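Chemist: This is the structure I want to talk about, given as structure tokens.
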Amino acid sequence: MSERFTGSFTQQEPVPEDAIEAAVAVLRHGRLHRYNLAPGETGEVAALEQEFAAFTGARHCLAVASGGYALACALRALQVEPGEAVLTNAFTLAPVPGAIASLGARPVFVETTEALTIDLDHLERRIEQTDARVLMLSHMRGHICDMGRLMEICDAAGVAVIEDCAHTMGAAWDGVPSGRHGVIGCYSTQTYKHLNSGEGGLIVSDDAGLMARAVLLSGSYMLYDRHRAAPPAQAFAGLVAEVPNVSGRMDNLRAAILRPQLARLPAQVVRWNRLYRAMEAGLADTPGVGLIARPAAEAFVGSSFQFLLPGWPASRIEGVLERCAARGVELKWFGAARPRGFTSRYAHWAWAAPEPLPRTDLVLAGLIDMRLPLTFSEADCSLIARIIREEIIAG
């Protein structure tokens, strides 16, 4: 009888008990709003910002309502204007170009390599073609490009880099934490990310002027002196009457849930990477499968797994996906003609008026994706890999 996997690809680990206790304490005193504090109280949001700034090595941190809000707030802090071209990866998720479009700006997509990272040669050409001054770099599915070369290109052209680190919290390139190469780093704490508060986001930067704008944009009501990881008061001088309130604060309840999880994140990264390596070992040398090489400079977080079926016709890929699903293995395919659930690609986003990108199309046509929640064991991953391998060979 064929083996079958019975676990869930969407079930995350429970929130830790100390996080539950911290949340209950907030519920008991009722001060959920970040600026509703007792005398002498720091507040959960301000404490989280301090701790996350220390975790990333950033001078400043702001906690916000979602990862998507973090991206749009970063663009507003950089004073991106309606109609302005903003560069971004073609391989990303819809909220990234969606943040650009929310300002009335124009997403301009950059080709994707077989390593699932931004094509740096095409980036150089796009900068020349558009005179764009901002790149929103998505470290999609946790794959980090050569950040040294990327920053050389962008710095030489005067392009500000916003790093979308929704999938790379806890990762690094050449020893530098993800989110700390560009001028602003944005993170998500949505349920399927590395910290779970249902929804939530974090912004980090060393630039006091940009972060002062971000704090005001988030809806500080002139209470920025209650922050503990914000710029000093003088950074806000002259901005108070200029910057609008586009409210998107994080609340104390979500921050209380996140702080104990942040303390555990390094250990969780080790666990994710063991799952990733178990999947990698199980699919190694499978005929017709291309695995994604991880560069030595990349310290990644293996919370998801991707592989390629290069040159496969759509009907053959669909057959493998259907047979794997019948055996309990839920795979996502970025080459599908229509978006399905969380899985869509740049060609589906008509609202962004994308230009055809042949290299990206070729990569995504064979790209298979799956989550690796920490409710899986290494044995689970070995079983999942055996099932995929058998169905690929059969197909």
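By order in the structure tokens, chains are A, B, ...; within a chain, residues start at 1; ligands start at 1, following the order shown.
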Any idea what's packed within 6 Å of segment 6-21 of chain A, counting only C-alpha atoms, ignoring anything in its chain fewer than 5 positions away? Could you give it as a PDB file with C-alpha atoms, in the first residue's frame?
Modeler:
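Now in around-v1.pdb:
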ATOM      1  CA  ILE A 257       2.076  37.509  22.172  1.00  0.00           C
ATOM      2  CA  PRO A 260       8.158  35.523  24.019  1.00  0.00           C
ATOM      3  CA  GLY A 328      -2.018  14.069   1.660  1.00  0.00           C
ATOM      4  CA  PRO A 373       5.321  24.354   9.588  1.00  0.00           C
ATOM      5  CA  THR A 375       4.223  21.018  13.546  1.00  0.00           C
TER       6      THR A 375
END
Chemist: Could you list, with a cut-off of 8 Å and counting only C-alpha atoms, the residues of segment 106-199 of chain A near segment 48-64 of chain A, each shown with its nearest atom pair and the distance in Å rounded to one decimal, rows sorted by chain and ascending number, as JSON lines?
Modeler:
{"residue": "A:Pro177", "atom": "CA", "partner": "A:Thr56", "partner_atom": "CA", "distance": 6.1}
{"residue": "A:Gly179", "atom": "CA", "partner": "A:Thr56", "partner_atom": "CA", "distance": 7.9}
{"residue": "A:Arg180", "atom": "CA", "partner": "A:Ala58", "partner_atom": "CA", "distance": 7.3}
Chemist: With only C-alpha atoms as the atoms that count, which of A:Ala293, A:Leu275, A:Val183, A:Ala77 lies nearest to Leu116 of chain A?
Modeler: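 So, comparing all the options, the nearest one is A:Ala293.
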Chemist: Calculated over only C-alpha atoms, which of the candidates A:His194, A:Leu291, A:Asp207, A:Ala38 has the smallest distance to Gln268 of chain A?
Modeler: A:His194
Chemist: Enter the distance from atom CA of Ala25 of chain A to atom CA of Gly43 of chain A, in Å, rounded to one decimal.
Modeler: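 Between atom CA of Ala25 of chain A and atom CA of Gly43 of chain A the gap is 11.8 Å.
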Chemist: Which neighbours of Thr286 of chain A fall inside 8 Å, counting only C-alpha atoms, when residues of the same chain fewer than 3 positions from it are skipped, and could you give them as a PyMOL selection string?
Modeler: chain A and resi 283+289+389+393
Chemist: Mind checking which residues fall within 10 Å of Gly185 of chain A, counting only C-alpha atoms, ignoring those fewer than 5 positions away in the same chain, and posting them as a list in words?
Modeler: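 In the requested format, the answer is Thr56, Ala58, Cys61, Ala70, Leu71, Ala74, Met136, Leu137, Val161, Ile162, Glu163, Asp164, Cys165, Ala166, Met169, Pro177, Ser178, Gly179, Arg180, Leu202, Ile203, Val204, Ser205 and Asp206 of chain A.
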Chemist: Would you put the residues from that selection into a file with C-alpha atoms, as a compact mmCIF listing (two decimals), in the first residue's frame?
Modeler:
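The resulting part_3.txt:
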# COMPACT_ATOMS: atom_id res chain seq x y z
CA THR A 56 18.34 43.06 14.18
CA ALA A 58 18.90 48.48 14.12
CA CYS A 61 12.01 50.03 15.19
CA ALA A 70 4.87 48.19 6.91
CA LEU A 71 5.69 48.17 3.18
CA ALA A 74 8.11 52.62 4.19
CA MET A 136 11.22 47.20 -2.95
CA LEU A 137 13.27 44.01 -2.74
CA VAL A 161 16.29 49.81 -1.03
CA ILE A 162 13.32 48.68 1.05
CA GLU A 163 13.77 45.05 2.08
CA ASP A 164 10.62 42.95 2.32
CA CYS A 165 11.71 40.40 4.94
CA ALA A 166 8.37 38.68 5.45
CA MET A 169 13.16 37.23 9.72
CA PRO A 177 20.77 40.33 9.29
CA SER A 178 18.13 40.40 6.59
CA GLY A 179 16.56 43.86 6.54
CA ARG A 180 19.78 45.65 7.46
CA LEU A 202 7.73 45.62 12.07
CA ILE A 203 9.87 48.30 10.44
CA VAL A 204 13.56 48.89 11.20
CA SER A 205 16.01 51.54 10.04
CA ASP A 206 19.04 53.52 11.14
Chemist: Using only C-alpha atoms, which protein or nucleic acid residues come within 10 Å of Ala314 of chain A? Drop anything in the same chain fewer than 4 positions from it, and give the result as a list of chain:residue names.
Modeler: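 Listing them by chain and then by number gives A:Glu318, A:Gly319, A:Gly335, A:Ala336, A:Ala337, A:Ala365, A:Gly366.
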Chemist: Write a file of the selected residues as a PDB file, in the first residue's frame, keeping C-alpha atoms.
Modeler:
ATOM      1  CA  GLU A 318      -0.926  18.976 -12.748  1.00  0.00           C
ATOM      2  CA  GLY A 319      -0.917  15.172 -12.652  1.00  0.00           C
ATOM      3  CA  GLY A 335       2.866  28.148 -13.135  1.00  0.00           C
ATOM      4  CA  ALA A 336      -0.904  27.657 -12.921  1.00  0.00           C
ATOM      5  CA  ALA A 337      -3.004  29.610 -15.421  1.00  0.00           C
ATOM      6  CA  ALA A 365       6.277  27.534 -15.131  1.00  0.00           C
ATOM      7  CA  GLY A 366       7.986  24.722 -13.228  1.00  0.00           C
TER       8      GLY A 366
END
Chemist: Pick the closest to Leu372 of chain A from A:Ala230, A:Ile384, A:Ala85, A:Leu321: which is it, counting only C-alpha atoms?
Modeler: A:Ile384
Chemist: Out of A:Thr168, A:Gln306, A:Ser102, A:Ser315, which residue has the shortest atom-to-atom distance to Glu114 of chain A when counting only C-alpha atoms?
Modeler: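 For Glu114 of chain A, the nearest of the given residues is A:Gln306.
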